[in-house]
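Visitor: Got final09.tsv for you, TSV, C-alpha atoms:
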```tsv
chain	number	residue	atom	x	y	z
C	1	MET	CA	105.98	105.21	140.80
C	2	LYS	CA	108.80	107.76	140.52
C	3	ILE	CA	110.73	108.46	137.32
C	4	LEU	CA	114.20	109.92	136.88
C	5	VAL	CA	114.43	112.22	133.87
C	6	LEU	CA	118.15	112.26	133.16
C	7	GLY	CA	119.87	114.94	131.08
C	8	LYS	CA	118.40	118.37	130.47
C	9	GLY	CA	117.48	119.47	126.96
C	10	VAL	CA	114.66	119.90	124.44
C	11	ALA	CA	113.50	116.26	124.41
C	12	ASN	CA	113.41	115.89	128.18
C	13	ASP	CA	111.82	119.31	128.71
C	14	GLY	CA	108.90	117.82	126.80
C	15	VAL	CA	109.03	114.69	128.96
C	16	ILE	CA	108.61	116.85	132.06
C	17	GLU	CA	105.53	118.55	130.60
C	18	LEU	CA	103.96	115.16	129.84
C	19	LEU	CA	104.75	113.71	133.28
C	20	GLN	CA	103.27	116.78	134.96
C	21	GLU	CA	100.08	116.42	132.95
C	22	GLU	CA	99.91	112.72	133.83
C	23	ASN	CA	100.58	113.49	137.54
C	24	VAL	CA	103.64	111.23	137.60
C	25	GLU	CA	106.28	111.94	140.26
C	26	TYR	CA	109.75	112.64	138.86
C	27	ASP	CA	113.21	114.10	139.43
C	28	TYR	CA	114.90	116.07	136.63
C	29	LEU	CA	118.68	115.78	136.97
C	30	GLU	CA	121.98	115.91	135.13
C	31	ILE	CA	124.26	112.86	135.33
C	32	ASN	CA	126.52	114.38	137.98
C	33	GLU	CA	123.50	115.13	140.21
C	34	VAL	CA	122.37	111.52	140.59
C	35	ASP	CA	122.82	110.35	144.18
C	36	SER	CA	120.05	107.74	144.41
C	37	PHE	CA	118.91	104.78	142.35
C	38	ASP	CA	115.46	104.58	143.93
C	39	TYR	CA	113.41	104.99	140.74
C	40	SER	CA	110.91	102.87	138.81
C	41	TYR	CA	112.19	104.06	135.42
C	42	VAL	CA	114.83	106.32	133.92
C	43	VAL	CA	114.15	108.48	130.87
C	44	LYS	CA	117.53	109.48	129.47
C	45	ALA	CA	118.31	112.33	127.08
C	46	PRO	CA	119.02	110.99	123.56
C	47	GLY	CA	122.67	112.07	123.63
C	48	ILE	CA	123.59	110.13	126.79
C	49	PRO	CA	125.19	106.83	125.72
C	50	TYR	CA	124.18	103.54	127.31
C	51	THR	CA	127.83	103.08	128.20
C	52	ALA	CA	127.69	105.99	130.69
C	53	GLU	CA	128.54	104.82	134.20
C	54	VAL	CA	125.25	105.95	135.72
C	55	ILE	CA	123.22	104.23	133.00
C	56	LEU	CA	125.15	100.99	133.44
C	57	GLU	CA	124.43	101.11	137.17
C	58	PHE	CA	120.68	101.48	136.56
C	59	ILE	CA	120.78	98.57	134.11
C	60	LYS	CA	122.73	96.48	136.65
C	61	ARG	CA	119.95	97.18	139.17
C	62	ARG	CA	117.38	96.11	136.54
C	63	ILE	CA	115.80	99.54	136.36
C	64	ARG	CA	114.39	100.08	132.88
C	65	VAL	CA	116.01	102.90	130.91
C	66	LEU	CA	113.62	104.54	128.42
C	67	THR	CA	113.81	107.19	125.72
C	68	ASP	CA	111.27	110.00	125.33
C	69	ILE	CA	109.73	108.14	122.39
C	70	GLU	CA	109.04	104.96	124.35
C	71	LEU	CA	107.70	106.86	127.35
C	72	GLY	CA	105.35	109.04	125.29
C	73	MET	CA	103.97	106.14	123.26
C	74	SER	CA	103.32	104.12	126.43
C	75	LEU	CA	101.49	106.98	128.18
C	76	ARG	CA	99.34	108.15	125.27
C	77	LYS	CA	97.55	105.87	122.85
C	78	LYS	CA	97.49	107.65	119.48
C	79	LEU	CA	98.01	106.75	115.83
C	80	TYR	CA	101.77	106.85	115.38
C	81	ILE	CA	103.90	106.83	112.23
C	82	GLY	CA	107.61	106.40	112.98
C	83	VAL	CA	110.27	107.38	110.45
C	84	THR	CA	113.98	106.56	110.68
C	85	GLY	CA	116.97	106.21	108.38
C	86	SER	CA	120.47	107.60	107.99
C	87	ASN	CA	119.23	110.16	105.48
C	88	GLY	CA	115.87	111.53	104.31
C	89	LYS	CA	113.98	111.44	107.62
C	90	THR	CA	113.03	115.11	107.73
C	91	THR	CA	111.95	115.24	104.08
C	92	THR	CA	109.84	112.08	104.43
C	93	VAL	CA	108.20	113.30	107.64
C	94	SER	CA	107.47	116.67	106.03
C	95	LEU	CA	106.02	115.00	102.92
C	96	LEU	CA	103.83	112.74	105.02
C	97	GLN	CA	102.55	115.64	107.07
C	98	HIS	CA	101.75	117.67	103.97
C	99	ILE	CA	99.92	114.83	102.20
C	100	LEU	CA	97.93	113.62	105.21
C	101	SER	CA	96.99	117.15	106.30
C	102	ALA	CA	94.62	117.25	103.33
C	103	GLN	CA	92.25	114.96	105.27
C	104	TYR	CA	93.55	114.67	108.84
C	105	SER	CA	94.85	116.67	111.80
C	106	VAL	CA	98.54	115.79	111.72
C	107	VAL	CA	101.59	116.69	113.83
C	108	ALA	CA	105.22	116.24	112.77
C	109	CYS	CA	107.48	115.88	115.80
C	110	GLY	CA	110.47	114.14	117.30
C	111	ASN	CA	113.93	114.69	115.87
C	112	ILE	CA	112.50	117.13	113.32
C	113	GLY	CA	112.72	119.80	116.03
C	114	TYR	CA	109.44	119.58	117.95
C	115	SER	CA	109.73	117.47	121.09
C	116	PHE	CA	107.54	114.37	120.83
C	117	CYS	CA	106.29	114.51	124.40
C	118	ARG	CA	105.63	118.24	124.17
C	119	ALA	CA	103.62	117.59	121.00
C	120	LEU	CA	101.52	115.06	122.92
C	121	VAL	CA	100.74	117.74	125.50
C	122	GLU	CA	100.17	120.65	123.14
C	123	GLN	CA	98.44	118.76	120.30
C	124	ARG	CA	96.28	116.35	122.26
C	125	ASP	CA	93.46	116.49	119.66
C	126	ALA	CA	95.68	115.59	116.70
C	127	GLU	CA	94.65	112.42	114.88
C	128	ILE	CA	98.10	111.35	113.62
C	129	PHE	CA	101.58	111.87	115.09
C	130	ILE	CA	104.44	111.49	112.60
C	131	ILE	CA	107.67	111.03	114.57
C	132	GLU	CA	111.16	111.48	113.17
C	133	MET	CA	113.24	109.01	115.17
C	134	SER	CA	117.02	109.14	115.48
C	135	SER	CA	119.14	106.13	116.41
C	136	PHE	CA	119.67	107.80	119.80
C	137	GLN	CA	115.91	107.85	120.43
C	138	LEU	CA	115.46	104.27	119.24
C	139	GLU	CA	118.36	102.80	121.20
C	140	ASN	CA	117.00	99.94	123.35
C	141	SER	CA	113.43	101.17	122.75
C	142	LYS	CA	110.51	98.73	122.67
C	143	ILE	CA	107.85	100.47	120.58
C	144	ASP	CA	104.98	99.44	118.34
C	145	PRO	CA	104.09	102.27	115.92
C	146	ASP	CA	101.05	101.78	113.68
C	147	ILE	CA	103.29	102.40	110.66
C	148	SER	CA	107.09	102.38	110.65
C	149	LEU	CA	109.36	103.54	107.83
C	150	PHE	CA	113.04	102.55	107.67
C	151	LEU	CA	114.44	104.56	104.75
C	152	ASN	CA	118.11	103.52	104.49
C	153	VAL	CA	121.11	102.75	106.66
C	154	HIS	CA	124.75	103.85	106.35
C	155	PRO	CA	127.61	104.04	108.89
C	156	CYS	CA	126.80	107.13	111.00
C	157	HIS	CA	127.05	108.33	114.62
C	158	LEU	CA	129.92	105.98	115.35
C	159	ASP	CA	131.12	108.41	118.02
C	160	HIS	CA	128.01	107.43	120.01
C	161	HIS	CA	127.34	103.84	118.96
C	162	GLN	CA	130.21	101.46	119.61
C	163	THR	CA	129.96	99.73	116.22
C	164	PHE	CA	128.00	99.95	112.97
C	165	LYS	CA	126.13	96.83	114.08
C	166	ASP	CA	125.00	98.63	117.25
C	167	TYR	CA	123.82	101.54	115.13
C	168	VAL	CA	121.81	99.25	112.84
C	169	LEU	CA	120.26	97.41	115.79
C	170	SER	CA	119.21	100.72	117.31
C	171	LYS	CA	117.52	101.77	114.07
C	172	ALA	CA	115.83	98.37	113.76
C	173	ASN	CA	113.95	98.97	117.01
C	174	ILE	CA	111.48	101.02	114.99
C	175	CYS	CA	110.01	97.80	113.58
C	176	ILE	CA	111.25	94.76	115.53
C	177	ASN	CA	108.49	94.97	118.14
C	178	GLN	CA	105.61	95.92	115.86
C	179	SER	CA	102.49	93.79	116.14
C	180	GLU	CA	101.08	91.76	113.27
C	181	ASN	CA	98.29	94.21	112.43
C	182	HIS	CA	100.72	97.12	111.98
C	183	LEU	CA	102.78	98.02	108.89
C	184	PHE	CA	106.52	98.20	108.17
C	185	ILE	CA	107.65	100.09	105.04
C	186	TYR	CA	111.19	99.59	103.75
C	187	PRO	CA	113.42	99.87	100.62
C	188	SER	CA	113.70	96.54	98.86
C	189	ASP	CA	117.16	97.46	97.49
C	190	ASP	CA	118.85	97.78	100.90
C	191	ALA	CA	120.48	94.45	101.82
C	192	ILE	CA	120.93	95.34	105.50
C	193	ILE	CA	117.31	96.35	105.94
C	194	GLN	CA	116.23	93.27	103.96
C	195	SER	CA	117.90	91.11	106.62
C	196	ILE	CA	115.87	92.93	109.30
C	197	VAL	CA	112.59	92.29	107.46
C	198	LYS	CA	112.92	88.59	108.24
C	199	GLN	CA	112.58	89.40	111.96
C	200	VAL	CA	109.51	91.63	111.62
C	201	GLN	CA	106.05	90.37	112.61
C	202	ALA	CA	104.16	93.31	111.10
C	203	ARG	CA	102.76	93.46	107.60
C	204	THR	CA	105.35	94.76	105.13
C	205	SER	CA	105.38	97.07	102.12
C	206	SER	CA	108.43	97.78	99.97
C	207	PHE	CA	109.49	100.62	97.69
C	208	SER	CA	112.22	100.86	95.05
C	209	ARG	CA	113.36	103.08	92.18
C	210	ASN	CA	114.84	100.06	90.41
C	211	ASN	CA	112.77	97.01	91.31
C	212	PRO	CA	109.36	96.76	89.57
C	213	LEU	CA	108.43	93.91	91.92
C	214	ALA	CA	108.33	96.30	94.89
C	215	ASP	CA	104.91	97.48	96.10
C	216	CYS	CA	105.84	101.06	95.22
C	217	TYR	CA	107.91	101.39	92.06
C	218	ILE	CA	108.67	103.63	89.07
C	219	SER	CA	107.62	102.96	85.49
C	220	SER	CA	107.60	105.38	82.54
C	221	HIS	CA	108.54	108.33	84.78
C	222	GLN	CA	105.59	107.66	87.08
C	223	ILE	CA	105.30	106.34	90.62
C	224	PHE	CA	102.95	103.38	91.05
C	225	TYR	CA	101.69	101.76	94.24
C	226	LYS	CA	100.48	98.18	93.78
C	227	ASN	CA	99.95	98.84	90.06
C	228	HIS	CA	97.93	102.01	90.64
C	229	ARG	CA	99.38	105.18	89.10
C	230	ILE	CA	99.98	107.71	91.88
C	231	VAL	CA	102.00	110.63	90.52
C	232	LYS	CA	103.99	111.65	87.46
C	233	LEU	CA	107.59	112.66	88.09
C	234	SER	CA	108.70	116.04	86.80
C	235	SER	CA	112.22	116.41	85.40
C	236	SER	CA	113.25	118.44	88.46
C	237	MET	CA	112.06	115.60	90.73
C	238	GLU	CA	113.89	112.94	88.77
C	239	GLU	CA	117.14	114.89	89.03
C	240	LYS	CA	117.05	114.33	92.80
C	241	ALA	CA	117.08	110.57	93.25
C	242	PHE	CA	117.12	110.88	97.04
C	243	PHE	CA	113.95	113.00	96.96
C	244	VAL	CA	112.17	110.46	94.76
C	245	GLU	CA	112.94	107.70	97.28
C	246	ASP	CA	111.65	109.83	100.15
C	247	MET	CA	108.53	110.53	98.12
C	248	MET	CA	107.96	106.82	97.46
C	249	ALA	CA	108.25	106.07	101.17
C	250	ALA	CA	105.77	108.85	102.01
C	251	ILE	CA	103.34	107.67	99.34
C	252	SER	CA	103.55	104.08	100.63
C	253	ALA	CA	102.48	105.28	104.08
C	254	SER	CA	99.91	107.94	103.18
C	255	ILE	CA	98.02	105.75	100.70
C	256	GLN	CA	97.09	103.48	103.63
C	257	PHE	CA	94.72	106.13	105.02
C	258	LYS	CA	91.07	106.39	104.11
C	259	GLY	CA	90.41	109.37	101.88
C	260	ILE	CA	94.01	109.77	100.69
C	261	THR	CA	93.62	109.16	96.97
C	262	PRO	CA	96.13	109.49	94.11
C	263	ARG	CA	94.42	112.75	93.16
C	264	ILE	CA	94.94	114.18	96.65
C	265	ILE	CA	98.59	113.09	96.65
C	266	GLN	CA	99.12	114.76	93.26
C	267	LYS	CA	97.50	117.96	94.50
C	268	GLN	CA	99.54	118.04	97.72
C	269	MET	CA	102.80	117.36	95.90
C	270	LYS	CA	102.29	120.49	93.79
C	271	THR	CA	102.29	122.69	96.90
C	272	PHE	CA	104.99	120.89	98.89
C	273	GLN	CA	107.94	123.06	99.91
C	274	GLU	CA	111.14	121.02	100.03
C	275	VAL	CA	113.09	120.97	103.28
C	276	GLU	CA	115.27	124.04	103.67
C	277	TYR	CA	119.02	123.53	103.18
C	278	ARG	CA	118.58	120.19	101.42
C	279	LEU	CA	120.11	121.01	98.04
C	280	THR	CA	118.49	124.45	98.06
C	281	LYS	CA	119.27	126.37	94.87
C	282	LEU	CA	120.59	129.90	95.56
C	283	ASN	CA	121.33	130.87	91.96
C	284	ASP	CA	122.17	129.15	88.69
C	285	PHE	CA	125.32	127.53	90.08
C	286	ILE	CA	125.31	127.72	93.90
C	287	TYR	CA	123.51	125.12	96.04
C	288	ASN	CA	123.12	125.04	99.81
C	289	ASP	CA	123.03	121.47	101.13
C	290	ALA	CA	123.82	122.36	104.76
C	291	LYS	CA	121.56	119.56	106.01
C	292	SER	CA	124.16	117.04	104.84
C	293	THR	CA	125.67	115.64	108.03
C	294	ASN	CA	127.28	112.47	106.67
C	295	PRO	CA	129.14	111.43	103.49
C	296	TYR	CA	126.19	109.43	102.14
C	297	SER	CA	124.03	112.53	102.10
C	298	THR	CA	126.72	114.37	100.14
C	299	ILE	CA	126.97	111.45	97.71
C	300	ALA	CA	123.22	111.78	97.05
C	301	ALA	CA	123.73	115.47	96.28
C	302	LEU	CA	126.73	114.82	94.01
C	303	CYS	CA	124.62	112.42	91.94
C	304	CYS	CA	122.60	115.43	90.74
C	305	PHE	CA	125.57	117.12	89.02
C	306	SER	CA	128.41	116.37	86.63
C	307	SER	CA	131.15	118.78	87.76
C	308	VAL	CA	131.32	120.21	91.26
C	309	GLU	CA	133.40	122.47	93.45
C	310	LEU	CA	132.62	120.98	96.85
C	311	ILE	CA	132.71	122.99	100.08
C	312	CYS	CA	132.67	120.66	103.07
C	313	GLY	CA	133.74	120.11	106.66
C	314	GLY	CA	132.48	120.09	110.22
C	315	TYR	CA	132.46	118.01	113.38
C	316	ASP	CA	133.94	114.53	112.92
C	317	ARG	CA	131.80	111.66	114.24
C	318	LYS	CA	134.22	108.99	112.94
C	319	GLU	CA	132.85	109.05	109.40
C	320	ASP	CA	134.68	106.82	106.93
C	321	LEU	CA	135.21	108.71	103.66
C	322	PHE	CA	135.92	105.58	101.62
C	323	CYS	CA	132.28	105.54	100.48
C	324	LEU	CA	133.03	108.68	98.40
C	325	LYS	CA	135.28	106.72	96.02
C	326	ASP	CA	132.70	106.24	93.27
C	327	SER	CA	131.71	109.93	93.38
C	328	LEU	CA	135.18	111.46	93.16
C	329	SER	CA	134.97	111.87	89.38
C	330	LYS	CA	132.30	114.53	90.01
C	331	LEU	CA	134.74	116.69	91.98
C	332	LYS	CA	136.71	119.43	90.25
C	333	ARG	CA	138.08	120.83	93.50
C	334	VAL	CA	137.35	120.50	97.22
C	335	TYR	CA	137.39	123.32	99.78
C	336	ALA	CA	137.56	121.98	103.34
C	337	TYR	CA	137.07	123.82	106.62
C	338	GLY	CA	136.23	123.03	110.24
C	339	GLN	CA	137.41	120.30	112.60
C	340	SER	CA	137.49	117.63	109.88
C	341	LYS	CA	139.43	119.63	107.27
C	342	GLU	CA	142.73	117.73	107.69
C	343	LYS	CA	140.91	114.40	107.44
C	344	ILE	CA	139.23	115.54	104.21
C	345	LYS	CA	142.51	116.89	102.82
C	346	LYS	CA	144.32	113.62	103.51
C	347	PHE	CA	141.60	111.55	101.82
C	348	MET	CA	141.39	113.80	98.77
C	349	ASP	CA	145.19	113.95	98.36
C	350	GLU	CA	145.40	110.15	98.51
C	351	ASN	CA	142.78	109.97	95.75
C	352	HIS	CA	144.31	112.69	93.57
C	353	VAL	CA	141.54	115.25	94.02
C	354	GLU	CA	142.69	118.86	94.37
C	355	CYS	CA	141.82	120.02	97.89
C	356	PHE	CA	142.41	123.23	99.82
C	357	ILE	CA	141.88	123.84	103.54
C	358	PHE	CA	140.62	127.00	105.23
C	359	ASP	CA	140.07	128.37	108.71
C	360	SER	CA	136.48	129.39	108.03
C	361	LEU	CA	133.48	128.66	105.82
C	362	ASP	CA	133.67	132.24	104.51
C	363	GLU	CA	137.21	131.74	103.20
C	364	ALA	CA	136.34	128.39	101.65
C	365	PHE	CA	133.36	129.83	99.78
C	366	TYR	CA	135.18	132.95	98.58
C	367	GLN	CA	137.98	130.85	97.11
C	368	ALA	CA	135.54	128.44	95.45
C	369	PHE	CA	133.70	131.40	93.93
C	370	LYS	CA	136.97	132.87	92.69
C	371	ASP	CA	138.18	129.56	91.16
C	372	ARG	CA	134.88	128.61	89.54
C	373	LYS	CA	134.62	128.43	85.75
C	374	ASP	CA	131.58	126.37	84.68
C	375	GLU	CA	131.24	124.11	87.71
C	376	ILE	CA	128.49	123.94	90.29
C	377	ILE	CA	129.46	125.28	93.73
C	378	LEU	CA	127.98	122.82	96.22
C	379	PHE	CA	128.02	123.42	99.96
C	380	SER	CA	127.43	119.92	101.28
C	381	PRO	CA	129.35	119.59	104.58
C	382	MET	CA	129.06	115.77	105.04
C	383	PHE	CA	129.88	116.29	108.72
C	384	ALA	CA	127.86	117.51	111.69
C	385	SER	CA	127.75	121.23	112.43
C	386	PHE	CA	128.71	121.18	116.11
C	387	ASP	CA	132.29	122.40	115.74
C	388	LEU	CA	131.22	125.88	114.59
C	389	PHE	CA	127.41	126.04	114.57
C	390	LYS	CA	124.54	125.12	116.89
C	391	ASN	CA	122.85	122.99	114.21
C	392	TYR	CA	122.50	122.58	110.45
C	393	ILE	CA	119.84	125.32	110.31
C	394	GLU	CA	122.24	127.91	111.73
C	395	ARG	CA	124.92	126.59	109.37
C	396	GLY	CA	122.62	126.84	106.35
C	397	ALA	CA	121.48	130.36	107.23
C	398	TYR	CA	125.09	131.46	107.64
C	399	PHE	CA	126.05	130.09	104.22
C	400	ASN	CA	123.06	131.86	102.63
C	401	LYS	CA	124.21	135.09	104.23
C	402	ILE	CA	127.79	134.95	102.96
C	403	VAL	CA	126.59	133.97	99.47
C	404	MET	CA	124.09	136.83	99.26
C	405	ASN	CA	126.62	139.32	100.60
C	406	LEU	CA	129.14	138.31	97.95
C	407	LEU	CA	126.61	138.30	95.10
C	408	LYS	CA	125.37	141.78	96.08
C	409	SER	CA	128.92	143.12	95.95
C	410	LYS	CA	129.47	141.88	92.40
```
Please express what this file holds, its structure, as structure tokens.

Guide:
Amino acid sequence: MKILVLGKGVANDGVIELLQEENVEYDYLEINEVDSFDYSYVVKAPGIPYTAEVILEFIKRRIRVLTDIELGMSLRKKLYIGVTGSNGKTTTVSLLQHILSAQYSVVACGNIGYSFCRALVEQRDAEIFIIEMSSFQLENSKIDPDISLFLNVHPCHLDHHQTFKDYVLSKANICINQSENHLFIYPSDDAIIQSIVKQVQARTSSFSRNNPLADCYISSHQIFYKNHRIVKLSSSMEEKAFFVEDMMAAISASIQFKGITPRIIQKQMKTFQEVEYRLTKLNDFIYNDAKSTNPYSTIAALCCFSSVELICGGYDRKEDLFCLKDSLSKLKRVYAYGQSKEKIKKFMDENHVECFIFDSLDEAFYQAFKDRKDEIILFSPMFASFDLFKNYIERGAYFNKIVMNLLKSK
């Protein structure tokens, strides 16, 4: 058996390490280096679309094209928890890791920034692998995680997936092939995910902030799981509806494990550090939400405030801004920068929201700071970072820097 590892990058670097440890023969090539189709399997980098000419040729020749997730799970039999969704993946994975680490040896990997296959090599003694799975990694994958979590779904990554339907079908691969003795956790309020539930063979468990008939629900400012009180919500938690939903998903999964009691969950929640750059408070009125890479994530942030000066912009992946309509009343002014600034300006003008465009994030922030009266200044880009930054972490760190520099000068 010989495998082609196609597309060089972090995910496939990990694939190479795993194949070497398993003594599997392979070639590691870029698309333009392929001159033979004599392979048993192809493991493609997540960013390579299935519409690429080389990929289509492999499919035509009936050579199976895998992702790093499918390859790793087929080569190593471990206890796997898969987490996907348009928003909230990193927070939910981090919560799960923190809760379960009270009793188990746990690794968080995948799209969270630690290559899944590399984690399998470096953390071979770990008891539980929690994998953040993007739609790119799930595309055409046939996997059977012990527990899968599908948090939410909104139109995203339409520059890669041909249609929203294709995007949803990719996400659904996290649960479609699960066996009957495994568990699928989902939000009972999401109509699209509800339609997927009907196709799932695994056991199911639902969560909801609004539906008391869900397995995990809220009553009297407390989270319950199957009528057992798990944790009391603080006022700061309740202000962030998106965080509460991520917490409910994490509780629904972690409570399945022996030794993880409500008391342990309560204890672990007290020491949990929220994901950096997800509505991180810098002072009394400035918030860094650099992790927002789509409009729905920004909507979740806007729900936490009443009057906002919004700084936004970035790399356009064909996001439709219409979904912002119900949140526009929160916006005092908008400061747009980056590749998508003209698109933002056009939408805001059409909806009578004052909007200014800038050549840089620095200029946008300085003007927002100057204009501010009593409003919150929210940096929530709602677009990817790739036009000006390597990733959201670099973007978030840069915003912190310009904020601190300005505050020090005052």

Visitor: By how many Å are CA of Gly113 (chain C) and CA of Glu132 (chain C) apart?

Guide: 8.9 Å

Visitor: When you count only C-alpha atoms, which of these residues is closest to Gln201 (chain C): C:Asn181, C:Asn283, C:Ser219, C:Asn227?

Guide: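 The shortest atom-to-atom distance to Gln201 (chain C) comes from C:Asn181.
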
Visitor: Around the point (124.9, 114.6, 137.1) (coordinates from the file), which residues reach within 12 Å if we count only C-alpha atoms? Answer as a ChimeraX atom specification.

Guide: /C:4-8,27-36,44,48,52-55

Visitor: Just the residues within 12 Å of region 15-20 of chain C, please, counting only C-alpha atoms, with nothing from its chain fewer than 4 positions along; format it as a PyMOL selection string.

Guide: chain C and resi 1-11+24-29+42-46+66-76+110+115-124

Visitor: In Å, with one decimal, what is the gap from CA of Ala364 (chain C) to CA of Cys323 (chain C)?

Guide: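 Here the two named atoms are 23.2 Å from each other.
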
Visitor: Using all atoms listed in the file - which residues lie no farther than 7 Å from the point (126.6, 128.1, 87.0) in the file's frame? Write them as a PyMOL selection string.

Guide: chain C and resi 284-285+374-376

Visitor: Write out as a PyMOL selection string each polymer residue whose atoms come within 6 Å of Cys312 (chain C), counting all atoms listed in the file; drop sequence neighbours fewer than 3 positions from it.

Guide: chain C and resi 336+380-381

Visitor: Generate the output file for the selected residues, C-alpha atoms, as a tab-separated table (two decimals), in the coordinates of the input.

Guide:
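Once everything was written out, this is out.tsv:
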```tsv
chain	number	residue	atom	x	y	z
C	336	ALA	CA	137.56	121.98	103.34
C	380	SER	CA	127.43	119.92	101.28
C	381	PRO	CA	129.35	119.59	104.58
```
